[in-house]
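S.K.: What follows is a structure written as structure tokens; I'll ask about it next.
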Amino acid sequence: MKNFLESLKNVWKIEELKNRILVTLGLLLVYRFGAHVTLPGIDATQLESLAGQTEKGIGSILDMFTGGAFSKASVLALGIMPYISASIVVQLMGIAIPYLQKLQKDGESGRKKLNQITRWLTIAITLVQGPGYIYNLYSTLPSNAFLLGFDSFQFLFSSVLILTTGTVFAMWLGEKITDKGIGNGISLLIMVGILARLPQALIQEFTSKVTNNNGGPMVLVFEIIVWLLVIIACVLLVMAVRKIPVQYARRTTTGDFEQDMMGGNRQWIPLKLNSAGVMPIIFAQAIMFIPAALAGLSNSETSQSIAGTFSDMFGFWYNVVFAALILIFTFFYTAITVPTNKMADDLKRSGGFIPGVKPGIDTADFLDKIMSLITFPGSLFLALIAVFPAIVVSLDVQQSWAMFYGGTSLIIMVGVAIDTIQQINSYLLNKHYDGLMKTGKNRKAVA
């Protein structure tokens, strides 16, 4: 603990790192302020029904990712989610469209063009989602909540324009945090939005357990301990890797140190237990909304039953199907994002090989086999974390507090926190200070 506190003090001794942290905090504060600015033409005192709509189902997820902006009819009501959707579409289209594949291989210039395509696609998606959000306000809020008149074209046009501008502004904030601040800006915006609901959820659970004497303080303490254990499990899932040993046929010796031709000291290939990250949960969540939407188009008893089943995020059959989809999408996304053939070719060209495995196709098959073996337990673990909120809800935990026990929100928070800490850690180590996560006792000081 003493070393950790000392490392925190060292953060402020590095001028560049201190400035980056302050810039990050300032831009995040601007984003949170924007989440509380209501769309012009809406009476902010008439939003109770909209808040009630976001207590469950897709509304609760959207409201969590936007930090409550969705339920406040904010200028940032759509948040950064259209940008995330556009990024996913561009990434998936890169598999089928040769032009995008070429851009992915063109280095920095290709990356800039892909970013530009993603930005324009973000605007297009927002222009589609914006009217949908406004019409949802029409169907949810009372008519006297619209100061410019109910179902007014003037309000519709201006609001869609403002929502689009808000999403573009959030996207700009995220990119500025990445360039001028610390950590991945887009991910930090999502994490801050999720964390914004944590105090309220904890207060509701405290009220339920302690104030209303529904279990008492010991039960609340036990729930917090379980929550911390789940966070630790998520950290292990995010950081777990299988190290594949690598040897190099050609080597060069400099002084007392032996280095491989790649120019580094790493003698293994790290294959992540969960290479797909949070994407399988996002894909599965998107698919789970389709049956309820389609069933809602019919008034038959069967359709209403299906709509009810797939609208209950904490229901048994919902989570069974949800977990199965996560398993499928984990293998699918890992297969398209982990290029084992390219890894084998790069290894062969650099003169490296895996002991006991022939270079080329045999190496690619070996890496593919290892990825399949480690992806299976990783997908099971990911599915368990995704459905864990439904498990704790069945144990009489408030739904708002249960959402932090797993699912997309917890994986995002853990992943972003680890990435940000690692970036801060690299600044500290470069300046010869002990890092936040590991002391530097075994690190030789450089004169």
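Identifiers in the structure tokens: chain A, B, ... in order shown; residue index from 1 per chain; ligand index from 1 in order shown.
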Run DSSP on the backbone of this structure and report the residues of segment 139-180 of chain A it assigns to alpha helix (DSSP H), as a VMD selection string.
M.R.: chain A and resid 139 to 140 153 to 180
S.K.: So that I can see what lies close to segment 34-39 of chain A, please list as a PyMOL selection string the residues with an atom at most 9 Å from it, counting only C-alpha atoms and leaving out residues fewer than 6 positions away in the same chain.
M.R.: chain A and resi 66-70+72-77+79+159+162-163+166
S.K.: Which parts of segment 261-383 of chain A does DSSP call strand (DSSP E) when run on the backbone here, written out as a ChimeraX atom specification?
M.R.: /A:268-272,352-353
S.K.: For segment 40-47 of chain A, please output as a ChimeraX atom specification all residues within 12 Å (counting only C-alpha atoms; exclusion window: fewer than 5 positions along the same chain).
M.R.: /A:52-54,69-75,134,137-138,140-163
S.K.: Can I get the selection written as a compact mmCIF listing (two decimals), in the first residue's frame, with N, CA, C and O atoms?
M.R.:
```txt
# COMPACT_ATOMS: atom_id res chain seq x y z
N GLY A 52 -39.15 6.21 -16.26
CA GLY A 52 -39.75 4.91 -15.97
C GLY A 52 -39.53 3.92 -17.09
O GLY A 52 -39.39 2.71 -16.86
N GLN A 53 -39.48 4.40 -18.34
CA GLN A 53 -39.27 3.53 -19.49
C GLN A 53 -37.87 2.92 -19.49
O GLN A 53 -37.65 1.83 -20.02
N THR A 54 -36.91 3.62 -18.89
CA THR A 54 -35.52 3.16 -18.91
C THR A 54 -35.15 2.34 -17.69
O THR A 54 -33.97 2.12 -17.43
N ALA A 69 -28.15 10.12 -19.84
CA ALA A 69 -28.57 11.14 -20.81
C ALA A 69 -29.81 10.70 -21.57
O ALA A 69 -30.64 11.52 -21.96
N PHE A 70 -29.95 9.39 -21.80
CA PHE A 70 -31.10 8.87 -22.56
C PHE A 70 -32.40 9.17 -21.83
O PHE A 70 -33.39 9.57 -22.45
N SER A 71 -32.43 8.98 -20.53
CA SER A 71 -33.65 9.20 -19.76
C SER A 71 -33.89 10.68 -19.44
O SER A 71 -34.95 11.03 -18.94
N LYS A 72 -32.91 11.53 -19.71
CA LYS A 72 -33.05 12.97 -19.44
C LYS A 72 -33.37 13.75 -20.71
O LYS A 72 -33.42 14.98 -20.68
N ALA A 73 -33.59 13.04 -21.84
CA ALA A 73 -33.83 13.70 -23.13
C ALA A 73 -32.75 14.73 -23.39
O ALA A 73 -33.00 15.88 -23.78
N SER A 74 -31.50 14.33 -23.16
CA SER A 74 -30.36 15.25 -23.23
C SER A 74 -29.92 15.46 -24.68
O SER A 74 -30.25 14.70 -25.58
N VAL A 75 -29.13 16.52 -24.88
CA VAL A 75 -28.53 16.75 -26.19
C VAL A 75 -27.53 15.64 -26.53
O VAL A 75 -27.16 15.46 -27.69
N ILE A 134 -36.81 10.68 -31.11
CA ILE A 134 -37.80 11.75 -30.97
C ILE A 134 -39.22 11.17 -30.99
O ILE A 134 -40.07 11.57 -30.18
N LEU A 137 -40.05 9.82 -27.77
CA LEU A 137 -40.46 10.88 -26.84
C LEU A 137 -41.93 11.24 -27.06
O LEU A 137 -42.68 11.47 -26.10
N TYR A 138 -42.34 11.29 -28.33
CA TYR A 138 -43.74 11.60 -28.64
C TYR A 138 -44.69 10.59 -27.99
O TYR A 138 -45.75 10.94 -27.47
N THR A 140 -44.04 8.65 -25.39
CA THR A 140 -43.80 8.43 -23.96
C THR A 140 -44.20 9.64 -23.11
O THR A 140 -44.86 9.49 -22.08
N LEU A 141 -43.80 10.82 -23.54
CA LEU A 141 -44.03 12.02 -22.74
C LEU A 141 -45.43 12.59 -22.98
O LEU A 141 -45.99 12.42 -24.07
N PRO A 142 -45.98 13.28 -21.99
CA PRO A 142 -47.29 13.95 -22.20
C PRO A 142 -47.14 15.10 -23.19
O PRO A 142 -46.05 15.66 -23.36
N SER A 143 -48.23 15.48 -23.82
CA SER A 143 -48.18 16.52 -24.86
C SER A 143 -47.71 17.87 -24.31
O SER A 143 -47.08 18.65 -25.04
N ASN A 144 -48.00 18.15 -23.04
CA ASN A 144 -47.60 19.45 -22.49
C ASN A 144 -46.10 19.51 -22.18
O ASN A 144 -45.59 20.55 -21.75
N ALA A 145 -45.37 18.40 -22.40
CA ALA A 145 -43.92 18.41 -22.20
C ALA A 145 -43.21 19.06 -23.37
O ALA A 145 -42.04 19.43 -23.26
N PHE A 146 -43.91 19.23 -24.51
CA PHE A 146 -43.30 19.80 -25.71
C PHE A 146 -43.69 21.26 -25.81
O PHE A 146 -44.82 21.61 -26.14
N LEU A 147 -42.73 22.12 -25.53
CA LEU A 147 -42.99 23.56 -25.46
C LEU A 147 -43.24 24.17 -26.83
O LEU A 147 -43.87 25.23 -26.93
N LEU A 148 -42.73 23.52 -27.89
CA LEU A 148 -42.93 24.04 -29.24
C LEU A 148 -44.14 23.43 -29.92
O LEU A 148 -44.36 23.65 -31.11
N GLY A 149 -44.89 22.64 -29.16
CA GLY A 149 -46.06 22.00 -29.75
C GLY A 149 -45.81 20.52 -29.97
O GLY A 149 -44.72 20.11 -30.35
N PHE A 150 -46.85 19.73 -29.73
CA PHE A 150 -46.73 18.28 -29.87
C PHE A 150 -46.64 17.91 -31.35
O PHE A 150 -47.38 18.41 -32.19
N ASP A 151 -45.70 17.00 -31.67
CA ASP A 151 -45.53 16.50 -33.03
C ASP A 151 -45.24 17.63 -34.01
O ASP A 151 -45.73 17.66 -35.14
N SER A 152 -44.40 18.57 -33.59
CA SER A 152 -44.04 19.71 -34.42
C SER A 152 -42.84 19.37 -35.30
O SER A 152 -41.85 18.82 -34.82
N PHE A 153 -42.93 19.68 -36.59
CA PHE A 153 -41.80 19.44 -37.50
C PHE A 153 -40.60 20.29 -37.10
O PHE A 153 -39.45 19.84 -37.22
N GLN A 154 -40.86 21.50 -36.64
CA GLN A 154 -39.77 22.37 -36.21
C GLN A 154 -38.98 21.72 -35.08
O GLN A 154 -37.75 21.72 -35.08
N PHE A 155 -39.71 21.14 -34.11
CA PHE A 155 -39.04 20.46 -33.00
C PHE A 155 -38.31 19.22 -33.49
O PHE A 155 -37.18 18.95 -33.07
N LEU A 156 -38.93 18.43 -34.37
CA LEU A 156 -38.32 17.21 -34.88
C LEU A 156 -37.02 17.52 -35.60
O LEU A 156 -35.98 16.89 -35.34
N PHE A 157 -37.05 18.49 -36.51
CA PHE A 157 -35.85 18.82 -37.30
C PHE A 157 -34.72 19.34 -36.41
O PHE A 157 -33.58 18.89 -36.51
N SER A 158 -35.04 20.29 -35.53
CA SER A 158 -34.00 20.88 -34.67
C SER A 158 -33.42 19.85 -33.71
O SER A 158 -32.22 19.82 -33.45
N SER A 159 -34.29 18.96 -33.19
CA SER A 159 -33.83 17.97 -32.22
C SER A 159 -32.93 16.93 -32.87
O SER A 159 -31.90 16.53 -32.28
N VAL A 160 -33.28 16.47 -34.07
CA VAL A 160 -32.43 15.51 -34.78
C VAL A 160 -31.08 16.14 -35.09
O VAL A 160 -30.03 15.50 -34.95
N LEU A 161 -31.09 17.40 -35.50
CA LEU A 161 -29.85 18.11 -35.78
C LEU A 161 -28.99 18.23 -34.51
O LEU A 161 -27.77 18.02 -34.55
N ILE A 162 -29.64 18.54 -33.38
CA ILE A 162 -28.91 18.69 -32.12
C ILE A 162 -28.38 17.34 -31.64
O ILE A 162 -27.24 17.24 -31.16
N LEU A 163 -29.17 16.27 -31.77
CA LEU A 163 -28.72 14.94 -31.37
C LEU A 163 -27.52 14.49 -32.21
O LEU A 163 -26.57 13.90 -31.69
```
S.K.: List as JSON lines every residue of segment 185-287 of chain A that is in contact with segment 355-365 of chain A, defined as an atom at most 10 Å from one of its atoms (using only C-alpha atoms), together with the nearest atom pair and the distance in Å rounded to one decimal, sorted by chain and then rising number.
M.R.:
```
{"residue": "A:Ile244", "atom": "CA", "partner": "A:Pro355", "partner_atom": "CA", "distance": 9.4}
{"residue": "A:Pro245", "atom": "CA", "partner": "A:Pro355", "partner_atom": "CA", "distance": 7.3}
{"residue": "A:Val246", "atom": "CA", "partner": "A:Pro355", "partner_atom": "CA", "distance": 6.7}
{"residue": "A:Gln247", "atom": "CA", "partner": "A:Pro355", "partner_atom": "CA", "distance": 6.9}
{"residue": "A:Tyr248", "atom": "CA", "partner": "A:Pro355", "partner_atom": "CA", "distance": 9.8}
```
S.K.: Mind giving me the straight-line distance from atom CA of Gly378 of chain A to atom CA of Ile418 of chain A in Å, one decimal?
M.R.: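 Atom CA of Ile418 of chain A lies 18.3 Å from atom CA of Gly378 of chain A.
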S.K.: What's the separation between atom CA of Glu108 of chain A and atom CA of Val23 of chain A, in Å to one decimal place?
M.R.: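 So the answer is 25.0 Å.
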S.K.: So which one's closest to Glu223 of chain A, A:Lys209, A:Phe314, A:Lys18, A:Thr302? Using only C-alpha atoms, please.
M.R.: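 For Glu223 of chain A, the nearest of the given residues is A:Lys209.
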S.K.: I'd like to know which of A:Phe169, A:Phe353, A:Phe322, A:Phe316 is closest to Ser394 of chain A, using only C-alpha atoms.
M.R.: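 Looking at the shortest contact to Ser394 of chain A, the residue is A:Phe316.
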S.K.: Enter the distance from atom CA of Ala284 of chain A to atom CA of Leu325 of chain A, in Å, rounded to one decimal.
M.R.: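 Separation of atom CA of Ala284 of chain A and atom CA of Leu325 of chain A: 5.5 Å.
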